[in-house]
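Here is the file data28.cif (mmCIF, C-alpha atoms).
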data_my_file
loop_
_atom_site.label_atom_id
_atom_site.label_comp_id
_atom_site.auth_asym_id
_atom_site.auth_seq_id
_atom_site.Cartn_x
_atom_site.Cartn_y
_atom_site.Cartn_z
CA MET A 160 -16.31 21.84 41.03
CA VAL A 161 -13.52 21.37 43.56
CA PHE A 162 -11.26 18.39 43.68
CA ARG A 163 -9.68 17.66 47.02
CA THR A 164 -6.87 15.55 45.72
CA PRO A 165 -4.99 15.59 42.45
CA ILE A 166 -5.78 11.91 42.07
CA ARG A 167 -9.51 12.57 41.97
CA SER A 168 -9.13 15.28 39.37
CA LEU A 169 -6.90 12.94 37.39
CA LEU A 170 -9.57 10.27 37.56
CA TYR A 171 -12.20 12.76 36.49
CA TRP A 172 -10.29 14.09 33.49
CA SER A 173 -8.63 10.93 32.25
CA PRO A 174 -11.64 9.78 30.17
CA SER A 175 -11.70 13.14 28.36
CA VAL A 176 -7.99 12.94 27.70
CA ILE A 177 -8.33 9.44 26.33
CA CYS A 178 -11.31 10.50 24.20
CA ILE A 179 -9.25 13.27 22.63
CA ALA A 180 -6.59 10.65 22.05
CA HIS A 181 -9.27 8.74 20.15
CA THR A 182 -9.82 11.49 17.60
CA VAL A 183 -6.27 12.74 17.10
CA SER A 184 -3.06 10.87 17.77
CA VAL A 185 0.59 11.75 17.64
CA LYS A 186 2.92 9.11 16.32
CA GLN A 187 6.60 8.86 15.72
CA ILE A 188 7.45 7.33 12.39
CA SER A 189 10.23 4.79 12.34
CA GLY A 190 11.76 3.07 9.38
CA ARG A 191 12.67 4.16 5.89
CA SER A 192 9.79 2.86 3.82
CA MET A 193 8.28 6.31 3.20
CA GLN A 194 11.50 8.07 2.23
CA PRO A 195 11.91 10.76 0.99
CA THR A 196 8.46 11.96 2.06
CA LEU A 197 8.91 10.94 5.68
CA ASN A 198 12.16 10.45 7.63
CA PRO A 199 14.36 11.81 4.79
CA ASP A 200 18.10 11.29 5.05
CA THR A 201 18.58 15.07 5.19
CA SER A 202 16.82 15.22 8.53
CA ALA A 203 18.61 14.19 11.73
CA TRP A 204 15.39 13.35 13.53
CA ARG A 205 12.66 10.82 13.12
CA ASP A 206 9.47 12.56 12.05
CA ILE A 207 6.66 12.95 14.55
CA ALA A 208 3.28 13.55 12.96
CA VAL A 209 -0.32 14.21 13.95
CA PHE A 210 -2.81 11.64 12.68
CA ASP A 211 -6.55 12.14 12.37
CA GLN A 212 -8.36 9.03 13.59
CA PHE A 213 -11.86 10.41 13.51
CA SER A 214 -12.63 11.29 9.92
CA THR A 215 -11.16 8.27 8.13
CA HIS A 216 -14.40 6.36 7.89
CA ILE A 217 -17.09 8.75 9.05
CA MET A 218 -16.77 12.08 7.31
CA ARG A 219 -14.05 11.84 4.76
CA PRO A 220 -13.44 8.52 3.05
CA CYS A 221 -9.88 7.62 2.14
CA ARG A 222 -8.59 9.06 -1.11
CA ARG A 223 -5.72 8.17 -3.37
CA ASP A 224 -2.41 9.76 -2.30
CA ASP A 225 -3.43 9.97 1.38
CA ILE A 226 -0.75 8.84 3.80
CA VAL A 227 -2.38 6.57 6.34
CA ALA A 228 -1.49 4.55 9.42
CA LEU A 229 -2.85 1.02 9.34
CA ARG A 230 -2.53 -2.23 11.19
CA SER A 231 -0.34 -4.68 9.35
CA PRO A 232 -2.54 -7.42 7.84
CA VAL A 233 0.11 -10.04 8.60
CA ASP A 234 0.95 -8.96 12.16
CA SER A 235 -1.83 -7.29 14.14
CA LYS A 236 0.58 -5.78 16.68
CA ARG A 237 2.47 -3.75 14.08
CA MET A 238 1.41 -0.39 12.67
CA LEU A 239 2.45 0.65 9.17
CA VAL A 240 2.56 4.09 7.59
CA LYS A 241 1.95 3.91 3.86
CA ARG A 242 0.42 5.81 0.97
CA ILE A 243 -2.89 4.83 -0.62
CA VAL A 244 -2.16 4.22 -4.28
CA ALA A 245 -5.49 2.84 -5.45
CA LEU A 246 -9.00 2.29 -4.14
CA GLU A 247 -11.65 -0.32 -4.83
CA GLY A 248 -12.26 -1.04 -8.49
CA ASP A 249 -8.98 0.52 -9.65
CA LEU A 250 -6.53 -1.37 -11.81
CA VAL A 251 -2.93 -1.10 -10.53
CA LYS A 252 0.32 -2.00 -12.23
CA THR A 253 2.28 -3.77 -9.52
CA ARG A 254 5.93 -3.61 -8.50
CA PRO A 255 8.40 -6.53 -8.33
CA PRO A 256 7.59 -8.75 -5.31
CA CYS A 257 4.01 -9.11 -6.53
CA ALA A 258 3.33 -12.15 -8.69
CA GLU A 259 0.80 -10.56 -11.06
CA GLN A 260 1.42 -7.74 -13.51
CA GLU A 261 -1.83 -5.95 -12.85
CA VAL A 262 -4.28 -6.21 -9.97
CA ARG A 263 -7.90 -5.11 -9.77
CA VAL A 264 -8.50 -3.87 -6.21
CA PRO A 265 -11.53 -5.74 -4.76
CA PRO A 266 -14.46 -3.91 -3.09
CA GLY A 267 -13.74 -2.63 0.43
CA HIS A 268 -9.99 -2.78 -0.13
CA ALA A 269 -7.16 -0.39 -0.93
CA TRP A 270 -3.75 -0.77 -2.52
CA ILE A 271 -1.07 0.75 -0.28
CA GLU A 272 2.60 1.30 -0.98
CA GLY A 273 5.61 2.91 0.62
CA ASP A 274 7.29 5.75 -1.27
CA GLU A 275 10.65 3.97 -1.22
CA PRO A 276 10.12 0.83 -3.31
CA PHE A 277 13.20 -1.04 -2.05
CA ARG A 278 12.54 -0.84 1.67
CA THR A 279 8.86 -1.44 2.08
CA ASP A 280 6.48 -4.22 3.04
CA ASP A 281 3.31 -3.20 1.27
CA SER A 282 0.50 -4.40 -0.98
CA ASN A 283 3.06 -5.75 -3.44
CA LEU A 284 3.93 -8.32 -0.78
CA PHE A 285 0.60 -9.05 0.90
CA GLY A 286 -1.93 -7.84 -1.65
CA PRO A 287 -4.74 -5.29 -1.25
CA VAL A 288 -5.65 -4.51 2.37
CA PRO A 289 -9.21 -4.16 3.78
CA LEU A 290 -10.18 -0.56 4.50
CA GLY A 291 -11.10 -1.67 8.01
CA LEU A 292 -7.40 -1.88 8.87
CA ILE A 293 -6.82 1.78 8.14
CA GLU A 294 -6.93 3.65 11.43
CA SER A 295 -5.85 7.19 10.78
CA ARG A 296 -4.69 9.69 8.20
CA LEU A 297 -1.57 11.79 8.45
CA MET A 298 -2.44 15.48 8.84
CA PHE A 299 0.84 17.30 9.41
CA ILE A 300 4.34 16.88 10.79
CA ILE A 301 5.16 18.53 14.11
CA TRP A 302 8.78 17.49 14.59
CA PRO A 303 11.49 18.33 13.47
CA LEU A 304 10.45 21.98 13.47
CA ASN A 305 12.01 22.81 10.11
CA ARG A 306 9.68 20.25 8.52
CA PHE A 307 6.61 21.45 10.43
CA GLY A 308 3.46 21.52 8.33
CA SER A 309 1.60 19.46 5.78
CA LEU A 310 3.36 17.29 3.21
CA ALA A 311 2.13 19.10 0.10
CA VAL A 312 5.00 19.69 -2.32
CA HIS A 313 5.99 23.36 -2.55
CA ILE A 314 8.49 24.36 -5.19
CA PRO A 315 11.17 26.83 -4.06
CA LYS A 316 11.93 29.87 -6.24
CA ASP A 317 15.66 29.21 -6.35
CA ARG A 318 16.08 26.68 -9.15
CA SER A 319 19.65 25.77 -8.20
CA SER A 320 18.93 24.72 -4.61
CA PRO A 321 18.81 21.06 -3.55
CA ALA A 322 15.29 21.70 -2.21
CA PHE A 323 14.15 22.50 -5.76
CA ARG A 324 15.60 19.25 -7.09
CA ARG A 325 13.92 17.30 -4.27
CA ALA A 326 10.57 18.93 -5.00
CA MET A 327 10.93 18.12 -8.71
CA ASP A 328 11.82 14.53 -7.85
CA GLN A 329 8.76 14.25 -5.66
CA LEU A 330 6.50 15.58 -8.41
CA GLN A 331 8.07 13.13 -10.85
CA LYS A 332 7.40 10.22 -8.48
CA GLU A 333 3.81 11.36 -8.01
CA LYS A 334 3.35 11.39 -11.77
CA ILE A 335 4.75 7.87 -12.14
CA ARG A 336 2.52 6.66 -9.31
CA HIS A 337 -0.58 8.13 -10.93
CA SER A 338 0.34 6.64 -14.29
CA ARG A 339 0.34 3.13 -12.78
CA VAL A 340 -3.30 3.35 -11.72
CA VAL A 341 -6.37 3.15 -13.92
CA ALA A 342 -9.08 4.64 -11.73
CA ALA A 343 -12.54 3.14 -11.60
CA ILE A 344 -15.00 5.47 -13.33
CA ASP A 345 -17.56 5.38 -10.54
CA SER A 346 -17.83 2.87 -7.77
CA GLY A 347 -21.51 2.11 -8.44
CA SER A 348 -20.88 0.55 -11.83
CA ILE A 349 -17.92 -1.43 -10.47
CA HIS A 350 -20.10 -3.04 -7.81
CA SER A 351 -22.65 -4.22 -10.34
CA SER A 352 -20.07 -5.61 -12.73
CA ASP A 353 -18.30 -7.55 -9.96
CA SER A 354 -21.32 -9.34 -8.59
CA MET B 786 -19.77 9.34 32.47
CA ALA B 787 -20.59 8.74 28.85
CA ARG B 788 -16.92 8.85 28.07
CA LEU B 789 -16.15 6.31 30.77
CA LEU B 790 -18.82 4.05 29.32
CA HIS B 791 -17.29 4.49 25.88
CA LEU B 792 -13.91 3.43 27.22
CA LEU B 793 -15.39 0.38 28.92
CA PHE B 794 -17.16 -0.60 25.71
CA GLU B 795 -14.06 0.02 23.65
CA TYR B 796 -11.52 -1.88 25.74
CA ILE B 797 -13.30 -4.29 28.07
CA GLY B 798 -16.52 -5.47 26.58
CA ARG B 799 -19.99 -4.51 25.48
CA PRO B 800 -23.42 -5.95 24.92
CA SER B 801 -24.43 -6.03 21.28
CA SER B 802 -27.38 -7.22 19.29
CA MET B 803 -27.03 -9.50 16.32
CA SER B 804 -29.00 -9.65 13.14
CA GLY B 805 -28.96 -11.98 10.20
CA PRO B 806 -29.28 -15.73 9.77
CA SER B 807 -25.62 -16.57 9.17
CA MET B 808 -24.88 -17.91 12.69
CA PHE B 809 -28.11 -19.90 13.19
CA PRO B 810 -28.58 -22.08 15.30
CA THR B 811 -25.84 -20.80 17.65
CA LEU B 812 -27.37 -17.36 17.48
CA ALA B 813 -30.96 -16.75 16.48
CA GLY B 814 -31.28 -14.11 13.82
CA GLU B 815 -32.93 -11.49 16.00
CA ASN B 816 -34.07 -10.37 19.48
CA GLU B 817 -30.87 -11.47 21.13
CA LEU B 818 -28.19 -9.68 23.06
CA VAL B 819 -24.70 -11.08 23.38
CA PHE B 820 -21.74 -9.90 25.41
CA GLU B 821 -18.66 -9.12 23.37
CA ASN B 822 -15.41 -9.60 25.24
CA ARG B 823 -12.94 -7.06 23.87
CA ILE B 824 -10.03 -7.59 26.21
CA THR B 825 -8.80 -11.18 26.08
CA TYR B 826 -8.12 -11.39 22.35
CA ARG B 827 -5.37 -8.82 22.79
CA PHE B 828 -3.43 -11.07 25.18
CA LYS B 829 -4.54 -14.62 24.62
CA PRO B 830 -4.28 -16.03 21.10
CA ILE B 831 -7.61 -16.96 19.52
CA GLU B 832 -8.31 -20.62 18.89
CA ARG B 833 -10.14 -22.67 16.32
CA GLY B 834 -13.83 -22.80 17.19
CA ASP B 835 -13.99 -19.37 18.87
CA LEU B 836 -16.83 -17.02 17.99
CA VAL B 837 -15.37 -13.67 17.03
CA THR B 838 -16.59 -10.30 15.85
CA LEU B 839 -14.60 -8.59 13.17
CA LYS B 840 -14.77 -5.69 10.78
CA SER B 841 -16.13 -6.90 7.47
CA PRO B 842 -13.36 -7.11 4.85
CA LEU B 843 -15.87 -5.92 2.26
CA ASP B 844 -17.30 -2.96 4.16
CA PRO B 845 -15.25 -1.34 6.96
CA GLY B 846 -18.37 0.09 8.60
CA ARG B 847 -19.93 -3.30 9.27
CA ILE B 848 -19.14 -5.66 12.13
CA ILE B 849 -19.70 -9.33 11.41
CA CYS B 850 -19.71 -12.36 13.70
CA LYS B 851 -18.26 -15.67 12.55
CA ARG B 852 -16.55 -18.78 13.84
CA ILE B 853 -12.79 -19.32 13.49
CA ILE B 854 -12.09 -22.45 11.46
CA GLY B 855 -8.42 -22.19 10.62
CA LEU B 856 -5.38 -20.40 11.98
CA PRO B 857 -2.25 -19.22 10.10
CA GLY B 858 -0.42 -22.13 8.48
CA ASP B 859 -3.46 -24.43 8.29
CA VAL B 860 -4.52 -26.03 5.03
CA ILE B 861 -8.26 -25.56 4.61
CA CYS B 862 -10.74 -27.15 2.26
CA VAL B 863 -12.56 -24.15 0.81
CA ASP B 864 -15.98 -25.73 0.71
CA PRO B 865 -16.44 -29.43 1.61
CA THR B 866 -19.98 -29.40 0.18
CA GLY B 867 -18.73 -28.25 -3.20
CA LYS B 868 -21.44 -25.62 -3.60
CA VAL B 869 -19.40 -22.41 -3.52
CA ALA B 870 -16.13 -23.88 -4.75
CA PRO B 871 -15.12 -27.35 -5.93
CA SER B 872 -14.56 -29.57 -2.90
CA SER B 873 -11.05 -30.44 -4.05
CA GLU B 874 -9.89 -26.83 -3.70
CA HIS B 875 -7.61 -26.24 -0.71
CA VAL B 876 -5.80 -23.12 0.50
CA LEU B 877 -2.83 -22.58 2.78
CA LEU B 878 -3.62 -19.76 5.22
CA PRO B 879 -0.95 -17.03 5.03
CA GLN B 880 0.79 -15.53 8.04
CA GLY B 881 -1.53 -13.43 10.24
CA HIS B 882 -4.71 -14.64 8.52
CA VAL B 883 -7.59 -16.83 9.68
CA TRP B 884 -10.40 -18.72 7.99
CA ILE B 885 -13.89 -17.80 9.18
CA THR B 886 -17.28 -19.28 8.37
CA GLY B 887 -20.82 -18.84 9.60
CA ASP B 888 -22.54 -21.73 11.34
CA ASN B 889 -25.39 -21.60 8.87
CA ALA B 890 -23.42 -22.37 5.73
CA ALA B 891 -26.34 -21.91 3.38
CA TYR B 892 -26.95 -18.28 4.46
CA SER B 893 -23.50 -17.00 5.21
CA ARG B 894 -21.04 -14.92 3.27
CA ASP B 895 -17.65 -15.76 4.73
CA SER B 896 -14.14 -16.92 3.86
CA ARG B 897 -15.59 -19.23 1.24
CA THR B 898 -16.38 -16.16 -0.84
CA TYR B 899 -13.71 -13.65 0.17
CA GLY B 900 -10.87 -15.93 1.27
CA PRO B 901 -8.69 -15.75 4.39
CA VAL B 902 -9.12 -12.58 6.48
CA SER B 903 -6.47 -10.67 8.40
CA MET B 904 -6.38 -11.19 12.17
CA SER B 905 -6.00 -7.42 12.56
CA LEU B 906 -9.68 -7.07 11.66
CA ILE B 907 -10.79 -8.98 14.77
CA GLN B 908 -12.64 -6.76 17.24
CA GLY B 909 -13.60 -9.12 20.03
CA LYS B 910 -14.79 -12.51 21.13
CA LEU B 911 -18.36 -13.50 22.00
CA SER B 912 -18.49 -14.68 25.59
CA HIS B 913 -22.13 -14.89 26.73
CA ARG B 914 -25.67 -14.64 25.46
CA ILE B 915 -27.31 -12.26 27.94
CA TRP B 916 -30.81 -11.84 26.47
CA PRO B 917 -33.33 -13.50 26.53
CA LEU B 918 -32.52 -14.56 30.10
CA SER B 919 -34.16 -17.94 29.63
CA ARG B 920 -31.54 -18.78 27.02
CA PHE B 921 -28.55 -17.37 28.91
CA THR B 922 -25.47 -19.28 27.79
CA LYS B 923 -21.73 -19.08 28.05
CA PHE B 924 -20.19 -19.73 24.65
CA SER B 925 -17.52 -22.33 25.23
CA ASN B 926 -15.21 -23.61 22.57
CA PRO B 927 -16.80 -26.77 21.13
CA VAL B 928 -13.72 -28.10 19.33
CA THR B 929 -12.56 -31.63 20.08
CA PHE B 930 -9.46 -33.01 18.43
CA LEU B 931 -9.30 -36.47 16.90
CA ASP B 932 -6.04 -38.31 17.29
#

Written as C-alpha cells, how would this file's structure read?
Amino acid sequence: MVFRTPIRSLLYWSPSVICIAHTVSVKQISGRSMQPTLNPDTSAWRDIAVFDQFSTHIMRPCRRDDIVALRSPVDSKRMLVKRIVALEGDLVKTRPPCAEQEVRVPPGHAWIEGDEPFRTDDSNLFGPVPLGLIESRLMFIIWPLNRFGSLAVHIPKDRSSPAFRRAMDQLQKEKIRHSRVVAAIDSGSIHSSDS
Amino acid sequence: MARLLHLLFEYIGRPSSMSGPSMFPTLAGENELVFENRITYRFKPIERGDLVTLKSPLDPGRIICKRIIGLPGDVICVDPTGKVAPSSEHVLLPQGHVWITGDNAAYSRDSRTYGPVSMSLIQGKLSHRIWPLSRFTKFSNPVTFLD
C-alpha cells in the first residue's frame, strides 16, 4: 500500500495508534500520596510508569496490593494513583479521617489507600470506591532510569546501605497493611450473606 | 475500519439495546435500540431529569440506564413511597455524586438501594430511540421547576 501524502498515512494509522493507547498507557505520576513507593524524595524526577488498561476487568481481576489508576469518585476529571488495600467482602481497619473504626467493603467495591497516610485523599475520606472507576493497573516504571522495572521489593545484600533500610521499611509497611485487613473467605458466601 | 468504528463508538456515540423493566414506560423492556450520546457529557454538565448510562456500582462489567434525580449538594428523600426506606429518611448528596432512579420504581434497583453514585461512573447520555422506527423519539429533559 502506498500513501501519497504523509497526512493520508497519518489518517490511516491513527486509529491503530489510539487503539494501542487503549490497552497500554504511559502516565506521569504527580503528587506525594504514594511515597515512598512512587515519587520518593530520593529521586529528582517524577516517576513515569506504564499502565495496563486492558486486563483490569477482562482477564485479571484486581487483587489486593495492586497499584491502580482510577477516576476520583468526587471529581470525574481527576485521576488518582492508589493501592488496593481490600476487595469486596473484606473487613478493613480504617485510618483517621474515616468516621468508623472498621468498614466492610460492599460488593463491587474496593478499598484504596495511598502509601503515605498523611498526604492522601483515599477511601478513608470518601469511602469504598466502585470497581468501575478503576481504569488501569501499574505494570512498571520507565523513568527515571535508575528506578526502571517493577515495584516488587528486592532486598540488597549490603545490610548497612540506605537501600536496605528502605526495603525493610517497605516490607514492614506491607505487613502492617495486611494486618489491617480481614479477607473474605470466598466471595460466593459473602454474596449470599449480604442479600 | 473496525478500529475507526470503535473510536466513534467510544467517544462520539453508539446505538445500544436495552433490556430489563426498570425504565418502563420510557423504554420498553426489549426490542428497542437507543442512541447513546457519549460526547456531550464530557463538556456540558448533566442536569436533573437526564437519562444516562453508567457503569453499575455493584458490577463493573454491567452498564445500566437510569434517570438523574439529584445533583451534588441536593437533599433527597430516599423513597417517598416508604417501601424501600422510611419516607422520612433524607440524604445530602456528597460532592461529585448523583442520585439515580429507574422510571419504573417497583422493578428498579437504583440509588434507593445502593445510595448516591459517583459521577465518574457515567458513560453517556441517551439522546434518541432509533428502533422501532414507528416509535422514534428524541429524549428531551422533562423537568419543570415550580416556583

Legend entry - Separation of atom CA of Asp224 of chain A from atom CA of Ile848 of chain B, in Å and rounded to one decimal: 26.9 Å

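With distances restricted to only C-alpha atoms, B:Val883 is the closest residue to chain A from B:Val860, B:Val883, B:Val819, B:Ala813.
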
Place a sphere of radius 12 Å on (-5.6, -6.0, 6.5) in the file coordinates and name every protein, DNA or RNA residue with an atom inside or on its surface, counting all atoms listed in the file; give the answer as a short mmCIF file (atom, residue, chain, number, x, y, z; two decimals) with C-alpha atoms, in the coordinates of the input.
data_model
loop_
_atom_site.label_atom_id
_atom_site.label_comp_id
_atom_site.auth_asym_id
_atom_site.auth_seq_id
_atom_site.Cartn_x
_atom_site.Cartn_y
_atom_site.Cartn_z
CA ALA A 228 -1.49 4.55 9.42
CA LEU A 229 -2.85 1.02 9.34
CA ARG A 230 -2.53 -2.23 11.19
CA SER A 231 -0.34 -4.68 9.35
CA PRO A 232 -2.54 -7.42 7.84
CA VAL A 233 0.11 -10.04 8.60
CA ASP A 234 0.95 -8.96 12.16
CA SER A 235 -1.83 -7.29 14.14
CA LYS A 236 0.58 -5.78 16.68
CA ARG A 237 2.47 -3.75 14.08
CA MET A 238 1.41 -0.39 12.67
CA LEU A 239 2.45 0.65 9.17
CA GLY A 267 -13.74 -2.63 0.43
CA HIS A 268 -9.99 -2.78 -0.13
CA ALA A 269 -7.16 -0.39 -0.93
CA TRP A 270 -3.75 -0.77 -2.52
CA ILE A 271 -1.07 0.75 -0.28
CA ASP A 281 3.31 -3.20 1.27
CA SER A 282 0.50 -4.40 -0.98
CA PHE A 285 0.60 -9.05 0.90
CA GLY A 286 -1.93 -7.84 -1.65
CA PRO A 287 -4.74 -5.29 -1.25
CA VAL A 288 -5.65 -4.51 2.37
CA PRO A 289 -9.21 -4.16 3.78
CA LEU A 290 -10.18 -0.56 4.50
CA GLY A 291 -11.10 -1.67 8.01
CA LEU A 292 -7.40 -1.88 8.87
CA ILE A 293 -6.82 1.78 8.14
CA GLU A 294 -6.93 3.65 11.43
CA LEU B 839 -14.60 -8.59 13.17
CA LYS B 840 -14.77 -5.69 10.78
CA SER B 841 -16.13 -6.90 7.47
CA PRO B 842 -13.36 -7.11 4.85
CA LEU B 843 -15.87 -5.92 2.26
CA PRO B 845 -15.25 -1.34 6.96
CA GLN B 880 0.79 -15.53 8.04
CA GLY B 881 -1.53 -13.43 10.24
CA HIS B 882 -4.71 -14.64 8.52
CA VAL B 883 -7.59 -16.83 9.68
CA PRO B 901 -8.69 -15.75 4.39
CA VAL B 902 -9.12 -12.58 6.48
CA SER B 903 -6.47 -10.67 8.40
CA MET B 904 -6.38 -11.19 12.17
CA SER B 905 -6.00 -7.42 12.56
CA LEU B 906 -9.68 -7.07 11.66
CA ILE B 907 -10.79 -8.98 14.77
#

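Between atom CA of Glu832 of chain B and atom CA of Leu790 of chain B the interatomic distance comes to 28.8 Å.
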
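Taken over the shown file, the PyMOL selection byres ((chain A and resi 249-263) around 6) identifies Ala245, Leu246, Glu247, Gly248, Val264, Asn283, Leu284, Arg339, Val340, Val341, Ala342 and Ala343 of chain A.
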
Tell me, as a PDB file with C-alpha atoms, keeping the file's coordinate frame, which residues lie within 6 Å of segment 176-183 of chain A, counting all atoms listed in the file; anything in the same chain fewer than 3 positions away does not count.
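Listed below is the output, part06.pdb:
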ATOM      1  CA  SER A 173      -8.630  10.930  32.250  1.00  0.00           C
ATOM      2  CA  PHE A 210      -2.810  11.640  12.680  1.00  0.00           C
ATOM      3  CA  ASP A 211      -6.550  12.140  12.370  1.00  0.00           C
ATOM      4  CA  GLN A 212      -8.360   9.030  13.590  1.00  0.00           C
ATOM      5  CA  PHE A 213     -11.860  10.410  13.510  1.00  0.00           C
TER       6      PHE A 213
END

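If only C-alpha atoms are the atoms counted, then among A:Pro195, A:Pro265, A:Gly273, A:Pro315 the closest residue to chain B is A:Pro265.
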
Inset, instruction - With the file shown as input, list the residues that the PyMOL selection byres ((chain A and resi 208) around 12) selects, as an MDAnalysis selection string. - result: chainID A and resid 183:189 197:198 205:207 209:211 226:228 240 295:304 306:310

Inset, instruction - Given the file shown, enumerate the residues that the PyMOL selection byres ((chain B and resi 788) around 9) captures and present them as a PyMOL selection string. - result: (chain A and resi 174-175+177-178) or (chain B and resi 786-787+789-793)

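You can rank A:Glu275, A:Asp280, A:Glu333, A:Asp317 by their closest distance to Pro199 of chain A using all atoms listed in the file, and at the top of that list sits A:Glu275.
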
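Atom pair atom CA of Ile861 of chain B / atom CA of Glu272 of chain A has a distance of 29.5 Å (rounded to one decimal).
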
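Distance annotation: of A:Leu169, A:Asn305, A:Pro266, A:Lys316, the residue with the minimal separation from chain B is A:Pro266; atom set is only C-alpha atoms.
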
Legend entry - Pick from A:Ile314, A:Ser192, A:Val244, A:Pro220 nearest to chain B, counting all atoms listed in the file: A:Pro220

Legend entry - Distance query 9 Å from (-12.4, -16.6, 25.2) using all atoms listed in the file, result as a list in words: Asn822, Thr825, Tyr826, Lys829, Ile831, Glu832, Asp835, Leu836, Lys910, Leu911, Ser912, Phe924, Ser925 and Asn926 of chain B
